[in-house]
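The file coords21.cif comes next; it holds mmCIF, C-alpha atoms and all ligand atoms.
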data_data
loop_
_atom_site.label_atom_id
_atom_site.label_comp_id
_atom_site.auth_asym_id
_atom_site.auth_seq_id
_atom_site.Cartn_x
_atom_site.Cartn_y
_atom_site.Cartn_z
CA MET A 33 1.68 44.53 -34.58
CA SER A 34 -0.25 42.19 -32.31
CA LYS A 35 0.58 38.95 -30.63
CA ILE A 36 -2.18 36.51 -31.62
CA ALA A 37 -2.70 33.08 -30.06
CA VAL A 38 -4.86 30.58 -31.95
CA LEU A 39 -6.21 27.86 -29.64
CA GLY A 40 -7.14 24.69 -31.54
CA ALA A 41 -5.06 23.13 -34.31
CA GLY A 42 -7.91 21.55 -36.22
CA ALA A 43 -8.44 22.53 -39.85
CA TRP A 44 -9.93 25.95 -39.09
CA GLY A 45 -7.49 27.03 -36.37
CA THR A 46 -4.60 26.06 -38.64
CA ALA A 47 -6.08 27.94 -41.61
CA ILE A 48 -6.61 31.06 -39.47
CA ALA A 49 -3.01 30.90 -38.25
CA ILE A 50 -1.74 30.44 -41.83
CA SER A 51 -3.88 33.37 -43.00
CA LEU A 52 -2.59 35.64 -40.19
CA VAL A 53 1.02 34.71 -40.94
CA ARG A 54 0.44 35.34 -44.66
CA ARG A 55 -1.04 38.76 -43.83
CA GLY A 56 2.14 39.64 -41.96
CA GLY A 57 2.76 42.12 -39.17
CA HIS A 58 1.78 39.84 -36.27
CA GLU A 59 3.44 37.34 -33.99
CA VAL A 60 1.25 34.22 -34.30
CA CYS A 61 1.20 30.96 -32.35
CA LEU A 62 -0.99 27.86 -32.73
CA TRP A 63 -1.80 25.69 -29.72
CA ALA A 64 -2.86 22.08 -30.26
CA HIS A 65 -5.03 20.23 -27.74
CA SER A 66 -2.96 17.08 -28.12
CA PRO A 67 0.75 17.42 -27.19
CA ALA A 68 1.58 14.53 -29.56
CA HIS A 69 -0.10 16.41 -32.40
CA ALA A 70 1.90 19.54 -31.59
CA ASP A 71 5.10 17.46 -31.57
CA GLU A 72 4.25 16.03 -35.01
CA MET A 73 3.71 19.52 -36.41
CA ARG A 74 6.98 20.77 -34.91
CA VAL A 75 8.81 18.00 -36.80
CA THR A 76 6.90 17.96 -40.11
CA ARG A 77 5.79 21.64 -40.24
CA ASP A 78 2.53 20.25 -41.65
CA ASN A 79 -0.80 19.56 -39.92
CA MET A 80 -1.12 16.03 -41.29
CA ARG A 81 -4.05 15.15 -38.99
CA TYR A 82 -6.49 17.92 -39.90
CA LEU A 83 -5.19 20.07 -42.80
CA ALA A 84 -2.45 18.21 -44.63
CA GLY A 85 -0.47 19.75 -47.44
CA PHE A 86 0.21 23.29 -46.19
CA VAL A 87 3.72 24.15 -45.00
CA LEU A 88 3.64 25.93 -41.65
CA ASP A 89 5.83 29.02 -41.93
CA PRO A 90 8.87 28.95 -39.60
CA SER A 91 7.55 32.13 -37.91
CA LEU A 92 4.43 30.27 -36.68
CA THR A 93 5.24 28.98 -33.21
CA LEU A 94 3.67 25.90 -31.60
CA PRO A 95 3.66 26.51 -27.84
CA LEU A 96 4.13 23.68 -25.37
CA SER A 97 1.26 24.77 -23.11
CA LEU A 98 -1.88 26.90 -23.01
CA GLU A 99 -0.08 29.16 -20.54
CA GLU A 100 2.76 29.75 -22.99
CA ALA A 101 0.22 30.39 -25.78
CA VAL A 102 -1.86 33.04 -24.03
CA THR A 103 0.76 34.84 -21.95
CA GLY A 104 1.33 38.24 -23.51
CA ALA A 105 -1.19 37.66 -26.34
CA ASP A 106 -3.24 40.70 -27.38
CA VAL A 107 -5.84 38.55 -29.13
CA ILE A 108 -6.78 34.94 -28.32
CA VAL A 109 -8.74 33.10 -31.02
CA SER A 110 -10.56 30.03 -29.74
CA VAL A 111 -11.22 27.42 -32.45
CA THR A 112 -11.96 24.27 -30.49
CA PRO A 113 -15.11 22.26 -31.22
CA SER A 114 -17.97 24.08 -29.48
CA GLN A 115 -18.52 21.52 -26.75
CA HIS A 116 -14.85 21.92 -25.65
CA LEU A 117 -14.76 25.72 -25.62
CA ARG A 118 -15.87 26.06 -21.99
CA ALA A 119 -13.10 23.81 -20.66
CA THR A 120 -10.45 25.58 -22.73
CA ILE A 121 -11.55 29.07 -21.67
CA ALA A 122 -11.87 27.95 -18.02
CA GLU A 123 -8.26 26.76 -18.16
CA ILE A 124 -6.93 30.08 -19.47
CA ALA A 125 -9.24 32.30 -17.38
CA PRO A 126 -6.90 32.59 -14.35
CA LEU A 127 -4.06 33.61 -16.68
CA LEU A 128 -5.91 36.41 -18.51
CA GLN A 129 -5.25 40.14 -18.27
CA PRO A 130 -8.38 42.32 -18.65
CA HIS A 131 -7.28 43.87 -21.98
CA GLN A 132 -6.82 40.55 -23.79
CA VAL A 133 -9.47 40.06 -26.48
CA LEU A 134 -11.20 36.69 -26.89
CA VAL A 135 -12.46 35.76 -30.37
CA SER A 136 -14.51 32.62 -30.98
CA ALA A 137 -14.21 31.06 -34.44
CA SER A 138 -16.24 27.96 -33.50
CA LYS A 139 -19.73 27.43 -34.92
CA GLY A 140 -22.03 25.81 -32.40
CA ILE A 141 -24.35 26.12 -29.42
CA GLU A 142 -23.45 24.61 -26.05
CA ASP A 143 -25.43 21.42 -25.39
CA ASP A 144 -27.24 21.90 -22.09
CA SER A 145 -27.04 25.65 -21.52
CA HIS A 146 -27.93 26.50 -25.18
CA LEU A 147 -25.43 29.35 -24.92
CA ARG A 148 -23.64 30.85 -27.91
CA MET A 149 -19.84 30.66 -27.79
CA SER A 150 -19.37 34.34 -26.88
CA GLN A 151 -21.89 33.86 -24.05
CA VAL A 152 -19.87 30.89 -22.77
CA MET A 153 -16.73 33.04 -22.85
CA GLN A 154 -18.53 35.87 -21.06
CA SER A 155 -19.87 33.51 -18.42
CA ILE A 156 -16.28 32.66 -17.46
CA THR A 157 -14.27 35.86 -18.04
CA GLY A 158 -14.95 39.58 -18.13
CA ASN A 159 -12.72 40.03 -21.19
CA PRO A 160 -13.84 41.70 -24.43
CA VAL A 161 -15.35 39.16 -26.84
CA ALA A 162 -15.89 38.87 -30.60
CA THR A 163 -16.76 36.16 -33.10
CA LEU A 164 -15.54 35.23 -36.56
CA GLY A 165 -18.16 33.84 -38.98
CA GLY A 166 -19.05 33.55 -42.63
CA PRO A 167 -18.48 31.17 -45.54
CA SER A 168 -14.92 29.91 -45.08
CA PHE A 169 -13.75 26.39 -45.79
CA ALA A 170 -10.41 25.99 -44.00
CA ARG A 171 -8.69 24.37 -46.97
CA GLU A 172 -9.59 27.27 -49.28
CA VAL A 173 -8.49 29.91 -46.75
CA ALA A 174 -5.19 28.07 -46.21
CA ALA A 175 -4.69 27.98 -49.99
CA GLY A 176 -5.16 31.76 -50.13
CA MET A 177 -8.35 31.59 -52.22
CA PRO A 178 -10.31 34.86 -51.97
CA THR A 179 -12.71 34.60 -49.02
CA ALA A 180 -15.07 37.11 -47.43
CA ALA A 181 -16.02 36.65 -43.78
CA VAL A 182 -17.45 38.60 -40.85
CA ILE A 183 -16.00 39.71 -37.53
CA ALA A 184 -18.64 40.70 -34.99
CA SER A 185 -18.67 42.21 -31.55
CA ALA A 186 -21.31 44.16 -29.66
CA ASP A 187 -18.46 46.70 -29.39
CA LEU A 188 -18.28 47.77 -33.05
CA ALA A 189 -14.97 49.58 -32.51
CA LEU A 190 -13.45 46.28 -31.35
CA ALA A 191 -14.87 44.47 -34.41
CA GLN A 192 -13.35 47.15 -36.63
CA ARG A 193 -9.96 46.85 -34.93
CA LEU A 194 -10.01 43.07 -35.46
CA GLN A 195 -11.18 43.60 -39.05
CA THR A 196 -7.98 45.56 -39.69
CA GLU A 197 -5.79 43.07 -37.85
CA PHE A 198 -7.15 39.96 -39.62
CA SER A 199 -7.86 41.23 -43.17
CA SER A 200 -5.51 40.51 -46.04
CA GLU A 201 -5.63 40.44 -49.85
CA SER A 202 -7.13 36.96 -49.75
CA PHE A 203 -9.19 37.25 -46.53
CA ARG A 204 -11.64 40.17 -46.60
CA LEU A 205 -13.47 40.83 -43.36
CA TYR A 206 -16.67 42.78 -42.83
CA SER A 207 -17.33 44.16 -39.34
CA ASN A 208 -20.72 43.78 -37.65
CA ALA A 209 -22.10 44.73 -34.23
CA ASP A 210 -24.68 41.91 -34.37
CA ILE A 211 -22.75 39.13 -32.65
CA VAL A 212 -26.00 37.21 -31.98
CA GLY A 213 -26.86 36.99 -35.68
CA VAL A 214 -23.33 36.04 -36.73
CA GLU A 215 -23.05 33.28 -34.13
CA LEU A 216 -26.49 31.80 -34.69
CA GLY A 217 -26.15 32.00 -38.49
CA GLY A 218 -22.92 29.99 -38.27
CA ALA A 219 -24.25 27.39 -35.84
CA LEU A 220 -27.71 26.81 -37.32
CA LYS A 221 -26.63 26.53 -40.97
CA ASN A 222 -24.81 23.31 -40.03
CA VAL A 223 -28.18 21.66 -39.31
CA ILE A 224 -29.59 22.66 -42.69
CA ALA A 225 -26.37 21.48 -44.38
CA LEU A 226 -26.95 18.05 -42.85
CA ALA A 227 -30.46 18.08 -44.34
CA ALA A 228 -29.20 19.22 -47.75
CA GLY A 229 -26.69 16.37 -47.63
CA VAL A 230 -29.44 13.89 -46.78
CA ALA A 231 -31.37 15.04 -49.88
CA THR A 232 -28.26 14.53 -52.03
CA GLY A 233 -27.67 11.08 -50.52
CA LEU A 234 -31.25 10.18 -51.40
CA ASN A 235 -30.58 11.26 -55.03
CA LEU A 236 -33.18 14.00 -54.82
CA GLY A 237 -32.87 16.97 -57.12
CA SER A 238 -32.12 20.68 -57.23
CA ASN A 239 -35.72 21.60 -56.35
CA THR A 240 -35.36 19.82 -53.01
CA ALA A 241 -32.00 21.47 -52.29
CA ALA A 242 -33.40 24.93 -53.07
CA ALA A 243 -36.44 24.28 -50.88
CA LEU A 244 -34.30 23.14 -47.94
CA MET A 245 -31.95 26.12 -48.20
CA THR A 246 -34.75 28.69 -48.49
CA ARG A 247 -37.02 27.26 -45.82
CA GLY A 248 -33.92 26.51 -43.73
CA MET A 249 -33.00 30.19 -43.93
CA ALA A 250 -36.55 31.04 -42.82
CA GLU A 251 -36.31 28.96 -39.66
CA ILE A 252 -32.75 30.12 -38.86
CA THR A 253 -33.92 33.73 -39.21
CA ARG A 254 -37.00 33.17 -37.00
CA LEU A 255 -34.92 31.79 -34.15
CA ALA A 256 -32.08 34.29 -34.53
CA ILE A 257 -34.45 37.26 -34.47
CA ALA A 258 -36.20 35.84 -31.39
CA CYS A 259 -32.76 35.75 -29.74
CA GLY A 260 -32.10 39.40 -30.62
CA ALA A 261 -30.37 39.18 -34.03
CA GLU A 262 -30.96 41.54 -36.93
CA GLN A 263 -32.56 40.21 -40.11
CA LYS A 264 -29.92 41.83 -42.34
CA THR A 265 -27.14 39.84 -40.64
CA LEU A 266 -28.91 36.62 -41.61
CA ALA A 267 -29.14 37.84 -45.22
CA GLY A 268 -25.37 38.43 -45.19
CA LEU A 269 -22.19 36.36 -45.20
CA ALA A 270 -22.72 34.74 -41.78
CA GLY A 271 -26.28 33.69 -42.68
CA MET A 272 -27.15 33.19 -46.33
CA GLY A 273 -23.47 33.12 -47.40
CA ASP A 274 -22.47 30.33 -45.02
CA LEU A 275 -25.73 28.44 -45.60
CA VAL A 276 -25.18 28.32 -49.38
CA LEU A 277 -21.52 27.33 -48.97
CA THR A 278 -22.18 24.55 -46.50
CA CYS A 279 -25.29 23.15 -48.23
CA THR A 280 -23.59 22.98 -51.64
CA GLY A 281 -19.84 22.67 -51.03
CA THR A 282 -18.38 19.18 -51.15
CA LEU A 283 -15.74 20.18 -48.57
CA SER A 284 -18.42 20.48 -45.87
CA ARG A 285 -18.23 17.84 -43.14
CA ASN A 286 -21.84 18.52 -42.11
CA ARG A 287 -23.13 18.06 -45.65
CA THR A 288 -20.99 14.93 -46.01
CA VAL A 289 -22.50 13.41 -42.85
CA GLY A 290 -25.95 14.13 -44.31
CA VAL A 291 -25.06 12.52 -47.66
CA GLU A 292 -23.97 9.34 -45.89
CA LEU A 293 -27.15 9.29 -43.76
CA GLY A 294 -29.20 9.70 -46.94
CA LYS A 295 -27.38 6.72 -48.44
CA GLY A 296 -28.50 4.65 -45.46
CA ARG A 297 -25.34 4.52 -43.33
CA LYS A 298 -25.72 4.73 -39.55
CA LEU A 299 -24.57 7.79 -37.59
CA PRO A 300 -21.99 6.11 -35.29
CA GLU A 301 -20.24 4.55 -38.27
CA ILE A 302 -20.22 7.90 -40.13
CA ILE A 303 -18.81 9.76 -37.09
CA GLU A 304 -16.13 7.07 -36.73
CA SER A 305 -15.07 7.62 -40.34
CA LEU A 306 -14.52 11.37 -39.67
CA ASN A 307 -11.36 10.39 -37.68
CA GLY A 308 -11.82 12.99 -34.95
CA LYS A 309 -12.94 15.78 -37.29
CA VAL A 310 -16.00 17.60 -36.02
CA ALA A 311 -19.38 17.95 -37.76
CA GLU A 312 -20.92 20.50 -35.40
CA GLY A 313 -24.46 20.13 -36.73
CA VAL A 314 -24.84 16.66 -35.22
CA ARG A 315 -24.88 18.08 -31.69
CA CYS A 316 -26.16 21.52 -32.60
CA THR A 317 -29.44 20.05 -33.91
CA SER A 318 -30.72 19.18 -30.45
CA ALA A 319 -29.23 22.34 -28.86
CA ALA A 320 -31.01 24.43 -31.54
CA LEU A 321 -34.31 22.72 -30.73
CA GLY A 322 -33.75 23.40 -27.02
CA LEU A 323 -33.17 27.09 -27.76
CA ALA A 324 -36.16 27.17 -30.13
CA SER A 325 -38.42 25.70 -27.47
CA VAL A 326 -37.34 28.39 -24.95
CA HIS A 327 -38.41 31.03 -27.49
CA GLY A 328 -41.49 29.18 -28.81
CA ILE A 329 -40.11 29.01 -32.37
CA GLU A 330 -41.10 26.35 -34.90
CA MET A 331 -38.15 24.72 -36.71
CA PRO A 332 -39.57 21.91 -38.86
CA ILE A 333 -36.40 21.02 -40.81
CA THR A 334 -34.31 21.03 -37.64
CA GLU A 335 -36.93 18.84 -35.94
CA GLN A 336 -36.88 16.28 -38.74
CA MET A 337 -33.07 16.34 -38.81
CA ASN A 338 -33.10 15.61 -35.08
CA GLN A 339 -35.42 12.65 -35.69
CA VAL A 340 -33.08 11.26 -38.35
CA LEU A 341 -29.91 11.81 -36.31
CA HIS A 342 -31.04 10.79 -32.87
CA HIS A 343 -34.32 8.83 -33.18
CA ASN A 344 -33.74 6.50 -36.12
CA GLN A 345 -36.20 8.25 -38.42
CA ALA A 346 -35.72 7.06 -42.03
CA PRO A 347 -34.48 9.99 -44.20
CA LEU A 348 -37.27 9.55 -46.77
CA ASP A 349 -39.89 9.62 -44.00
CA ALA A 350 -38.39 12.89 -42.76
CA ILE A 351 -38.75 14.43 -46.24
CA ARG A 352 -42.32 13.10 -46.44
CA ALA A 353 -43.13 14.60 -43.02
CA LEU A 354 -41.88 18.01 -44.20
CA MET A 355 -43.83 17.84 -47.47
CA THR A 356 -47.13 16.87 -45.83
CA ARG A 357 -47.21 19.57 -43.13
CA PRO A 358 -50.32 21.77 -43.14
CA GLY A 359 -50.15 24.56 -45.75
CA LYS A 360 -48.51 27.84 -44.69
CA ASP A 361 -48.19 31.42 -45.91
CA GLU A 362 -44.64 32.18 -46.99
N1 LIG T 401 -13.08 23.28 -40.96
C1 LIG T 401 -13.61 24.38 -41.44
O1 LIG T 401 -13.56 24.61 -42.66
C2 LIG T 401 -14.26 25.38 -40.51
C3 LIG T 401 -14.54 26.65 -41.00
C4 LIG T 401 -15.16 27.57 -40.16
C5 LIG T 401 -15.46 27.21 -38.86
N2 LIG T 401 -15.16 25.98 -38.40
C6 LIG T 401 -15.47 25.68 -37.00
O2 LIG T 401 -14.26 25.61 -36.27
C7 LIG T 401 -14.41 24.76 -35.13
C8 LIG T 401 -13.28 23.77 -35.11
O3 LIG T 401 -13.39 22.96 -36.26
P1 LIG T 401 -12.13 22.45 -37.09
O4 LIG T 401 -12.62 22.17 -38.45
O5 LIG T 401 -10.97 23.37 -36.93
O6 LIG T 401 -11.78 21.10 -36.31
P2 LIG T 401 -11.33 19.69 -36.93
O7 LIG T 401 -12.53 18.88 -37.17
O8 LIG T 401 -10.41 19.91 -38.08
O9 LIG T 401 -10.49 19.07 -35.75
C9 LIG T 401 -11.06 18.73 -34.49
C10 LIG T 401 -10.34 19.55 -33.44
O10 LIG T 401 -10.87 19.25 -32.16
C11 LIG T 401 -9.81 19.22 -31.23
N3 LIG T 401 -10.21 18.54 -30.01
C12 LIG T 401 -10.57 17.25 -29.84
N4 LIG T 401 -10.86 17.03 -28.55
C13 LIG T 401 -10.68 18.22 -27.90
C14 LIG T 401 -10.82 18.63 -26.54
N5 LIG T 401 -11.20 17.78 -25.58
N6 LIG T 401 -10.55 19.92 -26.23
C15 LIG T 401 -10.17 20.80 -27.18
N7 LIG T 401 -10.02 20.45 -28.48
C16 LIG T 401 -10.27 19.17 -28.82
C17 LIG T 401 -8.71 18.54 -32.03
O11 LIG T 401 -7.46 18.72 -31.42
C18 LIG T 401 -8.84 19.28 -33.34
O12 LIG T 401 -8.17 20.51 -33.25
C19 LIG T 401 -15.81 24.12 -35.29
O13 LIG T 401 -16.71 24.81 -34.46
C20 LIG T 401 -16.14 24.34 -36.76
O14 LIG T 401 -17.55 24.44 -36.97
C21 LIG T 401 -14.56 25.05 -39.19
O1 LIG T 402 -17.14 21.59 -42.98
P1 LIG T 402 -18.29 22.19 -42.18
O2 LIG T 402 -19.60 21.63 -42.58
O3 LIG T 402 -18.00 22.16 -40.72
O4 LIG T 402 -18.35 23.74 -42.59
C1 LIG T 402 -17.21 24.53 -42.48
C2 LIG T 402 -17.51 26.01 -42.34
O5 LIG T 402 -18.42 26.26 -41.29
C3 LIG T 402 -17.94 26.66 -43.60
O6 LIG T 402 -18.01 28.07 -43.42
#
If you took the structure in this file and wrote it as structure tokens, what would it be?
Amino acid sequence: MSKIAVLGAGAWGTAIAISLVRRGGHEVCLWAHSPAHADEMRVTRDNMRYLAGFVLDPSLTLPLSLEEAVTGADVIVSVTPSQHLRATIAEIAPLLQPHQVLVSASKGIEDDSHLRMSQVMQSITGNPVATLGGPSFAREVAAGMPTAAVIASADLALAQRLQTEFSSESFRLYSNADIVGVELGGALKNVIALAAGVATGLNLGSNTAAALMTRGMAEITRLAIACGAEQKTLAGLAGMGDLVLTCTGTLSRNRTVGVELGKGRKLPEIIESLNGKVAEGVRCTSAALGLASVHGIEMPITEQMNQVLHHNQAPLDAIRALMTRPGKDE
């Protein structure tokens, strides 16, 4: 029996909390960044803003403060958008006991530092860290649809403990000691999902989608290995698995943003229509290029996606630029 605090009541934090409650055997709480949002959920027992339609079990508590959430927790799962993780962890840092485990379930790279989420956590606290990755749409996890995901920590024994604590009949976790590969697989696939969405929005075909996914995997793997990841992690659930899900699944916010860009809509208008929901790839694209430049890694799809997102490149011109690059060996 563990006390588990989930920080972030967006779609994914809520689905994780629902999954942990369904598993049974833990005391689970869900902290929302907005007090008004937490109040709404206390009244309706439904997360109408981010994951409507799932009744929140009476045993799931909704603390009034971060301090209430983390005090006495054995495991703290951070599920804020990546760019807000630092502020959230900094706020809880003075309250932490050394044994409390921090798990990041966010998929991104910090803007200016280019740090992975576990590195951000480690830069603020000395607590043990892990990450949760893999192909997992929140809505499907909340509905109890069979899902396989990955829990990673450089301390494999910790990953295996969390594997036991989080796994259930509908949520099967694999443990992995390659936290670098799991985090970068999860963050970088969002960029390729944007590109796959762009191709769909342009009414391009299955050949284009397959090319983007395969060559996308190649550039994700190049960068991840340069950062210390293992190739087999990228071939697994947190790499290939999450890439396929996000590039093809209509529930993906990143893919949806890409589809709308491909149809000719402008980024600010598309972001506005997400109503506060996060498409991590939009910011991760430039952070990924920053990290790639530190390591001298070529990322042509990510570069073109950055042009489309942030430099007004027309989507068709981006596809043309990719198709007319000098020939390469595979
Ligand atoms: N939705 C999914 O299916 C899914 C699955 C796996 C991983 N993830 C990852 O989980 C993370 C969270 O995404 P989500 O889908 O749960 O979010 P969401 O898009 O459903 O909701 C946005 C969240 O951001 C929070 N927020 C806004 N401003 C904030 C601030 N200043 N500080 C802290 N929090 C703030 C909101 O309260 C809300 O919880 C992302 O990194 C995402 O990539 C999402
Ligand atoms: O909806 P997206 O594009 O943020 O993707 C959600 C998850 O990362 C899928 O594993």
Protein and nucleic residues near ligand LIG 402 (chain T), 9 Å, all atoms listed in the file, as a PyMOL selection string: chain A and resi 44+138-139+165-170+181+218-219+221-222+225-226+270+273-275+277-279+281-289+309-313
Residue contacts of region 337-341 of chain A (8 Å, only C-alpha atoms) excluding same-chain residues fewer than 2 positions away, as number ranges by chain: A: 223, 226-227, 299, 314, 317-318, 333-335, 343-347, 350
Where is the centre and how long are the edges: axis-aligned box on ligand LIG 401 (chain T), 4 Å on each side, Å to one decimal, as lines of an AutoDock Vina configuration file:
center_x = -12.5
center_y = 22.3
center_z = -34.1
size_x = 18.1
size_y = 18.5
size_z = 25.1
Residues near region 252-269 of chain A, cut-off 7 Å, only C-alpha atoms, skip fewer than 3 positions along chain, as a list in words: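 Counting only C-alpha atoms, the residues come to Gly166, Pro167, Ala181, Val182, Asp210, Val212, Gly213, Val214, Leu216, Gly217, Leu220, Gly248, Met249, Met272, Gly273, Asp274, Ala324, His327 and Ile329 of chain A.
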Among listed residues A:Lys298, A:Arg357, A:Lys35, A:Arg171, nearest ligand LIG 401 (chain T) (using only C-alpha atoms and all ligand atoms):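 Nearest candidate to ligand LIG 401 (chain T) out of A:Lys298, A:Arg357, A:Lys35, A:Arg171: A:Arg171.
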One-decimal distance in Å that lies between CA of Met73 (chain A) and atom O7 of ligand LIG 401 (chain T): 16.3 Å
Straight-line distance linking CA of Gln192 (chain A) with CA of Pro130 (chain A), stated in Å to one decimal: 19.3 Å
Residue nearest Asn79 (chain A) among A:Gly42, A:Gly233, A:Pro95, A:Gly104 (counting all atoms listed in the file): A:Gly42
Residue with smallest distance to Leu92 (chain A) - pool A:Glu215, A:Asp143, A:Glu251, A:Asp78, counting only C-alpha atoms: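 Checking each candidate against Leu92 (chain A), we get A:Asp78 as the closest.
For the pair atom C16 of ligand LIG 401 (chain T) and CA of Gly322 (chain A), the separation is 23.9 Å.
Distances here use all atoms listed in the file; by that measure, the residue among A:Met33, A:Val53, A:Ala241, A:Leu83 closest to ligand LIG 401 (chain T) is A:Leu83.
Among A:Ile141, A:Val111, A:Ala162, A:Met245, the residue with the shortest atom-to-atom distance to ligand LIG 401 (chain T), counting only C-alpha atoms and all ligand atoms, is A:Val111.
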Top pick for closest residue to Gly294 (chain A), considering A:Asp349, A:Glu172, A:Glu59, A:Asp361 and counting all atoms listed in the file: A:Asp349
Shell of 10 Å around Arg77 (chain A), only C-alpha atoms, local chain residues under 4 positions omitted, as a ChimeraX atom specification: /A:70-73,84-90,92,94
Selection: 8 Å around Gly40 (chain A), all atoms listed in the file, excl. self and same-chain fewer than 3 positions, as a ChimeraX atom specification: /A:45-46,62-65,110-112
